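Pasted below: data_16.txt, compact mmCIF, C-alpha atoms (C1' of nucleotides).
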# COMPACT_ATOMS: atom_id res chain seq x y z
CA MET A 1 -102.25 216.07 -66.04
CA SER A 2 -100.31 215.14 -62.94
CA HIS A 3 -100.80 211.78 -61.33
CA ALA A 4 -99.31 212.95 -58.07
CA LEU A 5 -101.58 211.83 -55.28
CA PRO A 6 -100.68 212.69 -51.69
CA PRO A 7 -99.75 209.74 -49.44
CA GLU A 8 -102.83 210.26 -47.31
CA ILE A 9 -105.12 209.76 -50.28
CA LEU A 10 -103.12 206.74 -51.41
CA GLU A 11 -103.69 205.19 -48.00
CA GLN A 12 -107.41 205.66 -48.31
CA ILE A 13 -107.39 204.17 -51.79
CA ALA A 14 -105.32 201.23 -50.57
CA GLU A 15 -107.77 200.72 -47.74
CA ARG A 16 -110.64 200.49 -50.20
CA PHE A 17 -108.74 198.11 -52.45
CA ARG A 18 -108.10 195.96 -49.40
CA VAL A 19 -111.81 195.59 -48.78
CA LEU A 20 -112.23 194.30 -52.33
CA ALA A 21 -109.16 192.07 -52.10
CA GLU A 22 -111.09 189.16 -50.68
CA PRO A 23 -112.83 186.47 -52.72
CA ALA A 24 -115.56 186.04 -50.10
CA ARG A 25 -116.45 189.73 -50.19
CA LEU A 26 -116.41 189.77 -53.98
CA ARG A 27 -118.75 186.78 -53.96
CA ILE A 28 -121.12 188.71 -51.72
CA LEU A 29 -120.91 191.86 -53.83
CA ASN A 30 -121.37 189.84 -56.97
CA VAL A 31 -124.65 188.48 -55.63
CA LEU A 32 -125.75 191.88 -54.39
CA LEU A 33 -125.13 193.38 -57.83
CA ASP A 34 -128.09 191.29 -58.88
CA GLY A 35 -130.25 192.97 -56.26
CA GLU A 36 -130.98 193.35 -52.56
CA ARG A 37 -130.52 190.26 -50.36
CA THR A 38 -131.01 189.25 -46.73
CA VAL A 39 -128.13 187.77 -44.79
CA SER A 40 -129.67 184.31 -44.95
CA GLU A 41 -130.04 184.56 -48.69
CA LEU A 42 -126.40 185.57 -48.97
CA VAL A 43 -125.43 182.61 -46.81
CA GLU A 44 -127.27 180.35 -49.20
CA ASP A 45 -126.01 182.04 -52.36
CA THR A 46 -122.37 182.16 -51.34
CA GLY A 47 -121.98 178.98 -49.33
CA LEU A 48 -120.28 180.91 -46.52
CA ASN A 49 -121.54 180.53 -42.98
CA GLN A 50 -123.67 183.10 -41.23
CA ALA A 51 -121.07 184.56 -38.89
CA ASN A 52 -118.67 184.91 -41.74
CA VAL A 53 -121.16 186.62 -44.02
CA SER A 54 -122.18 189.01 -41.25
CA LYS A 55 -118.58 189.88 -40.59
CA HIS A 56 -117.84 190.61 -44.23
CA LEU A 57 -121.04 192.62 -44.52
CA GLY A 58 -119.98 194.63 -41.51
CA LEU A 59 -116.75 195.60 -43.20
CA LEU A 60 -118.41 196.26 -46.54
CA ARG A 61 -120.90 198.50 -44.80
CA SER A 62 -118.39 200.38 -42.69
CA SER A 63 -116.51 201.17 -45.87
CA SER A 64 -119.74 202.22 -47.60
CA PHE A 65 -119.68 199.59 -50.30
CA VAL A 66 -123.10 198.33 -49.21
CA ASP A 67 -126.23 199.71 -47.54
CA ARG A 68 -128.45 198.00 -45.01
CA ARG A 69 -132.20 198.26 -44.56
CA LYS A 70 -133.74 196.55 -41.55
CA GLU A 71 -137.25 195.21 -41.66
CA GLY A 72 -138.52 193.05 -38.85
CA LEU A 73 -136.19 190.17 -38.29
CA TYR A 74 -134.44 190.68 -41.59
CA ALA A 75 -131.60 192.85 -42.75
CA TYR A 76 -131.62 193.68 -46.43
CA TYR A 77 -128.27 194.52 -47.95
CA SER A 78 -127.66 196.22 -51.27
CA VAL A 79 -124.76 197.67 -53.22
CA ALA A 80 -124.26 201.30 -52.25
CA ASP A 81 -121.23 202.00 -54.37
CA PRO A 82 -121.83 201.70 -58.12
CA SER A 83 -118.10 201.84 -58.77
CA VAL A 84 -117.77 198.26 -57.53
CA ALA A 85 -119.08 196.94 -60.83
CA VAL A 86 -116.77 199.23 -62.77
CA LEU A 87 -113.72 198.19 -60.77
CA CYS A 88 -114.42 194.51 -61.27
CA GLU A 89 -115.02 195.04 -64.95
CA VAL A 90 -111.70 196.82 -65.34
CA MET A 91 -109.92 194.04 -63.49
CA CYS A 92 -111.72 191.47 -65.58
CA GLY A 93 -110.82 193.27 -68.77
CA ARG A 94 -107.18 193.19 -67.78
CA LEU A 95 -107.36 189.49 -66.96
CA GLU A 96 -108.80 188.85 -70.39
CA ALA A 97 -106.08 190.91 -72.02
CA GLN A 98 -103.44 188.89 -70.21
CA ALA A 99 -105.11 185.64 -71.17
CA ALA A 100 -105.11 186.82 -74.78
CA GLU A 101 -101.42 187.64 -74.59
CA GLN A 102 -100.76 184.20 -73.21
CA THR A 103 -102.73 182.61 -76.01
CA ALA A 104 -100.88 184.68 -78.58
CA LEU A 105 -97.56 183.57 -77.14
CA LEU A 106 -98.53 179.94 -77.16
CA GLY A 107 -100.29 179.97 -80.51
CA SER A 108 -98.76 180.01 -84.00
CA MET B 1 -126.48 191.73 -68.59
CA SER B 2 -125.61 189.25 -65.87
CA HIS B 3 -123.02 190.08 -63.26
CA ALA B 4 -122.49 186.45 -62.41
CA LEU B 5 -118.78 185.85 -62.27
CA PRO B 6 -117.48 182.35 -61.47
CA PRO B 7 -115.65 181.97 -58.14
CA GLU B 8 -112.40 181.21 -59.92
CA ILE B 9 -112.47 184.57 -61.68
CA LEU B 10 -113.43 186.35 -58.47
CA GLU B 11 -110.35 184.87 -56.83
CA GLN B 12 -108.13 186.21 -59.58
CA ILE B 13 -109.76 189.61 -59.30
CA ALA B 14 -109.33 189.59 -55.52
CA GLU B 15 -105.70 188.65 -55.95
CA ARG B 16 -105.15 191.67 -58.17
CA PHE B 17 -106.97 193.98 -55.78
CA ARG B 18 -104.74 192.65 -53.03
CA VAL B 19 -101.64 193.79 -54.89
CA LEU B 20 -103.07 197.30 -55.06
CA ALA B 21 -104.22 197.23 -51.44
CA GLU B 22 -100.95 198.51 -50.14
CA PRO B 23 -100.00 202.18 -49.71
CA ALA B 24 -96.35 201.48 -50.43
CA ARG B 25 -97.13 199.81 -53.75
CA LEU B 26 -99.53 202.60 -54.68
CA ARG B 27 -96.80 205.10 -53.90
CA ILE B 28 -94.49 203.25 -56.24
CA LEU B 29 -97.10 202.99 -58.98
CA ASN B 30 -97.99 206.61 -58.55
CA VAL B 31 -94.39 207.60 -59.22
CA LEU B 32 -94.10 205.19 -62.13
CA LEU B 33 -97.21 206.69 -63.73
CA ASP B 34 -95.05 209.73 -64.25
CA GLY B 35 -92.53 207.66 -66.19
CA GLU B 36 -89.87 204.99 -66.01
CA ARG B 37 -87.70 204.87 -62.87
CA THR B 38 -84.74 202.93 -61.51
CA VAL B 39 -84.98 201.22 -58.14
CA SER B 40 -82.74 203.83 -56.53
CA GLU B 41 -84.89 206.62 -57.91
CA LEU B 42 -87.96 204.93 -56.47
CA VAL B 43 -86.21 204.59 -53.13
CA GLU B 44 -85.59 208.33 -53.17
CA ASP B 45 -89.05 209.27 -54.44
CA THR B 46 -90.99 207.08 -52.02
CA GLY B 47 -88.86 207.19 -48.90
CA LEU B 48 -88.99 203.41 -48.61
CA ASN B 49 -85.77 201.47 -48.21
CA GLN B 50 -84.15 199.52 -51.00
CA ALA B 51 -85.04 195.99 -49.91
CA ASN B 52 -88.62 197.04 -49.41
CA VAL B 53 -88.91 198.71 -52.80
CA SER B 54 -87.36 195.71 -54.53
CA LYS B 55 -89.77 193.40 -52.78
CA HIS B 56 -92.80 195.41 -53.77
CA LEU B 57 -91.51 195.71 -57.32
CA GLY B 58 -91.11 191.95 -57.44
CA LEU B 59 -94.75 191.46 -56.56
CA LEU B 60 -95.91 194.19 -58.91
CA ARG B 61 -93.94 192.60 -61.69
CA SER B 62 -95.06 189.04 -61.02
CA SER B 63 -98.63 190.26 -61.24
CA SER B 64 -97.85 192.16 -64.44
CA PHE B 65 -98.59 195.61 -63.12
CA VAL B 66 -95.10 196.77 -64.02
CA ASP B 67 -92.41 195.92 -66.56
CA ARG B 68 -88.66 195.81 -66.04
CA ARG B 69 -85.89 196.74 -68.41
CA LYS B 70 -82.35 196.02 -67.36
CA GLU B 71 -79.48 198.14 -68.54
CA GLY B 72 -76.07 197.72 -67.02
CA LEU B 73 -76.27 198.01 -63.29
CA TYR B 74 -79.69 199.56 -63.42
CA ALA B 75 -83.19 198.16 -63.57
CA TYR B 76 -85.75 200.46 -65.11
CA TYR B 77 -89.33 199.87 -64.05
CA SER B 78 -92.44 201.17 -65.78
CA VAL B 79 -96.19 200.73 -65.56
CA ALA B 80 -97.27 197.82 -67.71
CA ASP B 81 -100.95 197.85 -66.89
CA PRO B 82 -102.72 201.04 -67.97
CA SER B 83 -105.76 200.06 -65.93
CA VAL B 84 -103.92 201.01 -62.75
CA ALA B 85 -104.56 204.67 -63.41
CA VAL B 86 -108.20 204.00 -64.17
CA LEU B 87 -108.70 201.96 -61.01
CA CYS B 88 -107.17 204.63 -58.82
CA GLU B 89 -109.22 207.31 -60.50
CA VAL B 90 -112.43 205.38 -59.90
CA MET B 91 -111.50 204.90 -56.25
CA CYS B 92 -110.60 208.55 -55.98
CA GLY B 93 -113.86 209.57 -57.56
CA ARG B 94 -115.72 207.55 -55.00
CA LEU B 95 -113.74 209.06 -52.15
CA GLU B 96 -114.63 212.51 -53.43
CA ALA B 97 -118.28 211.57 -53.70
CA GLN B 98 -118.23 210.38 -50.11
CA ALA B 99 -116.49 213.52 -48.97
CA ALA B 100 -119.13 215.56 -50.77
CA GLU B 101 -121.89 213.61 -49.04
CA GLN B 102 -120.22 214.26 -45.72
CA THR B 103 -119.99 217.95 -46.47
CA ALA B 104 -123.62 218.05 -47.52
CA LEU B 105 -124.65 216.36 -44.28
CA LEU B 106 -122.63 218.74 -42.16
CA GLY B 107 -123.49 221.89 -44.02
CA SER B 108 -126.71 223.76 -43.15
C1' DT C 1 -58.96 190.32 -61.26
C1' DA C 2 -60.48 193.13 -57.39
C1' DA C 3 -63.34 196.65 -55.71
C1' DG C 4 -67.46 199.17 -56.02
C1' DT C 5 -72.30 199.77 -57.11
C1' DA C 6 -77.31 198.54 -58.06
C1' DT C 7 -80.53 195.30 -57.31
C1' DA C 8 -82.49 190.82 -55.58
C1' DT C 9 -83.18 187.53 -52.10
C1' DT C 10 -83.37 185.31 -47.63
C1' DA C 11 -84.48 184.83 -42.85
C1' DC C 12 -86.87 186.70 -39.24
C1' DT C 13 -90.37 189.03 -36.51
C1' DA C 14 -94.43 191.60 -35.47
C1' DT C 15 -98.80 192.41 -36.98
C1' DC C 16 -102.98 191.64 -39.16
C1' DT C 17 -106.96 189.10 -40.76
C1' DG C 18 -110.20 185.30 -42.35
C1' DG C 19 -112.78 181.47 -40.63
C1' DT C 20 -115.23 179.41 -36.88
C1' DC C 21 -117.65 178.60 -32.61
C1' DA C 22 -120.17 180.32 -28.99
C1' DT C 23 -122.90 183.76 -27.42
C1' DG C 24 -125.48 188.19 -27.42
C1' DT C 25 -129.29 191.08 -29.17
C1' DA C 26 -133.51 192.29 -31.36
C1' DT C 27 -137.82 191.11 -33.25
C1' DT C 28 -141.88 188.22 -34.01
C1' DC C 29 -145.53 185.35 -32.61
C1' DA C 30 -148.04 181.94 -29.89
C1' DT D 1 -144.08 186.16 -21.25
C1' DG D 2 -141.41 182.64 -23.50
C1' DA D 3 -139.85 180.33 -27.55
C1' DA D 4 -138.15 180.79 -32.09
C1' DT D 5 -135.78 183.19 -35.68
C1' DA D 6 -132.35 186.44 -37.98
C1' DC D 7 -128.51 188.75 -37.40
C1' DA D 8 -124.33 190.71 -34.88
C1' DT D 9 -120.38 190.27 -32.05
C1' DG D 10 -116.45 188.54 -29.27
C1' DA D 11 -112.78 185.30 -28.59
C1' DC D 12 -109.67 182.43 -30.58
C1' DC D 13 -106.42 180.29 -33.84
C1' DA D 14 -103.96 179.58 -38.06
C1' DG D 15 -102.02 181.52 -42.00
C1' DA D 16 -100.36 185.40 -44.51
C1' DT D 17 -97.45 189.52 -45.13
C1' DA D 18 -94.95 194.10 -44.58
C1' DG D 19 -90.72 195.80 -42.94
C1' DT D 20 -85.88 195.14 -41.95
C1' DA D 21 -81.15 193.62 -41.70
C1' DA D 22 -77.91 190.79 -43.68
C1' DT D 23 -76.32 188.65 -47.57
C1' DA D 24 -76.13 187.20 -52.43
C1' DT D 25 -75.90 188.29 -57.34
C1' DA D 26 -74.75 190.75 -61.43
C1' DC D 27 -72.54 194.21 -63.76
C1' DT D 28 -68.88 197.84 -64.32
C1' DT D 29 -64.52 199.77 -64.10
C1' DA D 30 -59.91 200.53 -62.51

Please express the file's structure as structure tokens.
Amino acid sequence: MSHALPPEILEQIAERFRVLAEPARLRILNVLLDGERTVSELVEDTGLNQANVSKHLGLLRSSSFVDRRKEGLYAYYSVADPSVAVLCEVMCGRLEAQAAEQTALLGS
Amino acid sequence: MSHALPPEILEQIAERFRVLAEPARLRILNVLLDGERTVSELVEDTGLNQANVSKHLGLLRSSSFVDRRKEGLYAYYSVADPSVAVLCEVMCGRLEAQAAEQTALLGS
DNA sequence: TAAGTATATTACTATCTGGTCATGTATTCA
DNA sequence: TGAATACATGACCAGATAGTAATATACTTA
């Protein structure tokens, strides 16, 4: 099969990678993978301040990685895109593979 | 299973996403997925200039996404990390899903 | 050895973005 | 209605980075 992807699609893919290319946003997503959270809960769980969390959530939402449900004073966020977990797992797997290679090189 | 990933790992994952969060680098990787290429070939295939391609290749190589093989005057680059294709496919899949949702919303 | 070619690197600039503070908005409740 | 709370937003700054032109490096060949 051909891997040829048109430049326009590659730009969209890059844009989505960019959203995930931020430790703060991965921290937030990592918490949300455990279940729905309010902004205040995310502030507590991540150690980031409120404005910062809201800003990251705004981006995550506008790129459809998370959903928001408003109820009274609270805004409940949840992971909308199941591929987030997969992507992180793939990245993690590769990190482990590299670590293993390193170990192999050092060992013996 | 727990999704809890330590912040240190999340930073490494973010760093790797960041490398992929660039249309120019995805263009390069997309070409390389079709097979080994020299820098000049990549310049031709991507439309980017030589300094730019070399710079992106340097980053891709330092993060182990690509390998380099030198032969005479030429440097042959190839994809070193098979997960690149998987990651792009997952992203693509998600883009298609979103497009489908859009279509469903618009249609009837 | 000198010239030519392929690639890497450096210096520079313009642009973008993450963090933060201050403020705005919406909702609840006394 | 007014105070309190949760969240969103705007302005600002500091740091990072993509693109480019110029130059350096390494290899080949005449």

Handout entry: Test item: residues at most 9 Å from Val84 (chain A), all atoms listed in the file, excluding those fewer than 2 positions along its chain, as a ChimeraX atom specification
Key = /A:20,29,33,65,79-82,86-89

Fill in the blank from the handout: From CA of Glu15 (chain B) to CA of Val43 (chain A) the spacing works out at 22.6 Å

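Atom pair CA of Ala97 (chain A) / CA of Ser63 (chain B): separated by 13.1 Å.
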
Problem - Nearest to Pro23 (chain A), chosen from A:Ile9, A:Leu48, A:Val90, A:Ala4, with all atoms listed in the file counted in the distances - result: A:Leu48

Give me, as a tab-separated table (two decimals) with C-alpha atoms (C1' of nucleotides), keeping the file's coordinate frame, the contact residues of chain D against chain B at a cut-off of 8 Å, counting only C-alpha atoms (C1' of nucleotides).
chain	number	residue	atom	x	y	z
D	19	DG	C1'	-90.72	195.80	-42.94
D	26	DA	C1'	-74.75	190.75	-61.43
D	27	DC	C1'	-72.54	194.21	-63.76
D	28	DT	C1'	-68.88	197.84	-64.32

Handout entry: Within 8 Å of file point (-61.4, 196.8, -63.6), counting all atoms listed in the file, expressed as an NGL selection string
Key = (:C and (1-2)) or (:D and (28-30))

Handout entry: Residues within 10 Å of DA6 (chain D), only C-alpha atoms (C1' of nucleotides), excluding chain neighbours under 3 positions, as a VMD selection string
Key = (chain A and resid 38 to 40 50 72 to 75) or (chain C and resid 26 to 27)

Please, which residues in chain A fall within 6 Å of chain B when counting only C-alpha atoms, and what is the closest atom pair and distance in Å to one decimal for each, ordered by chain then residue number, as JSON lines?
{"residue": "A:Leu10", "atom": "CA", "partner": "B:Pro23", "partner_atom": "CA", "distance": 5.8}
{"residue": "A:Glu11", "atom": "CA", "partner": "B:Pro23", "partner_atom": "CA", "distance": 5.1}
{"residue": "A:Ala14", "atom": "CA", "partner": "B:Ala21", "partner_atom": "CA", "distance": 4.2}
{"residue": "A:Phe17", "atom": "CA", "partner": "B:Ala21", "partner_atom": "CA", "distance": 4.7}
{"residue": "A:Arg18", "atom": "CA", "partner": "B:Ala21", "partner_atom": "CA", "distance": 4.6}
{"residue": "A:Ala21", "atom": "CA", "partner": "B:Ala14", "partner_atom": "CA", "distance": 4.2}
{"residue": "A:Glu22", "atom": "CA", "partner": "B:Ala14", "partner_atom": "CA", "distance": 5.2}
{"residue": "A:Pro23", "atom": "CA", "partner": "B:Glu11", "partner_atom": "CA", "distance": 5.1}

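Across the structure, CA of Gln102 (chain B) and CA of Leu59 (chain A) are spaced 19.1 Å apart.
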
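The interface of chain C with chain B at 10 Å, considering all atoms listed in the file, consists of DT5, DA6, DT7, DA8 and DT9 of chain C.
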
Would you compute an axis-aligned box for region 28-33 of chain B, covering every atom listed for it in the file with 3 Å of margin on each side, and report centre and edge lengths in Å to one decimal as JSON?
{"center_x": -96.0, "center_y": 205.3, "center_z": -60.0, "size_x": 9.9, "size_y": 10.6, "size_z": 13.5}

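Residue neighbourhood of region 9-14 of chain D, excluding near-sequence residues (fewer than 6 positions): Ala51, Ser54 and Lys55 of chain A; DG18, DG19, DT20, DC21, DA22, DT23, DG24 and DT25 of chain C, at 10 Å, using all atoms listed in the file.
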
Could the residues in this selection be saved with C-alpha atoms (C1' of nucleotides) as a short mmCIF file (atom, residue, chain, number, x, y, z; two decimals), in the frame of the given file?
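The file below, part.cif, is the result:
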data_model
loop_
_atom_site.label_atom_id
_atom_site.label_comp_id
_atom_site.auth_asym_id
_atom_site.auth_seq_id
_atom_site.Cartn_x
_atom_site.Cartn_y
_atom_site.Cartn_z
CA ALA A 51 -121.07 184.56 -38.89
CA SER A 54 -122.18 189.01 -41.25
CA LYS A 55 -118.58 189.88 -40.59
"C1'" DG C 18 -110.20 185.30 -42.35
"C1'" DG C 19 -112.78 181.47 -40.63
"C1'" DT C 20 -115.23 179.41 -36.88
"C1'" DC C 21 -117.65 178.60 -32.61
"C1'" DA C 22 -120.17 180.32 -28.99
"C1'" DT C 23 -122.90 183.76 -27.42
"C1'" DG C 24 -125.48 188.19 -27.42
"C1'" DT C 25 -129.29 191.08 -29.17
#

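Among the candidate residues A:Leu42, A:Ser78, A:Gly107, A:Gly35, the one lying nearest to Arg61 (chain A) is A:Ser78, with distances computed using all atoms listed in the file.
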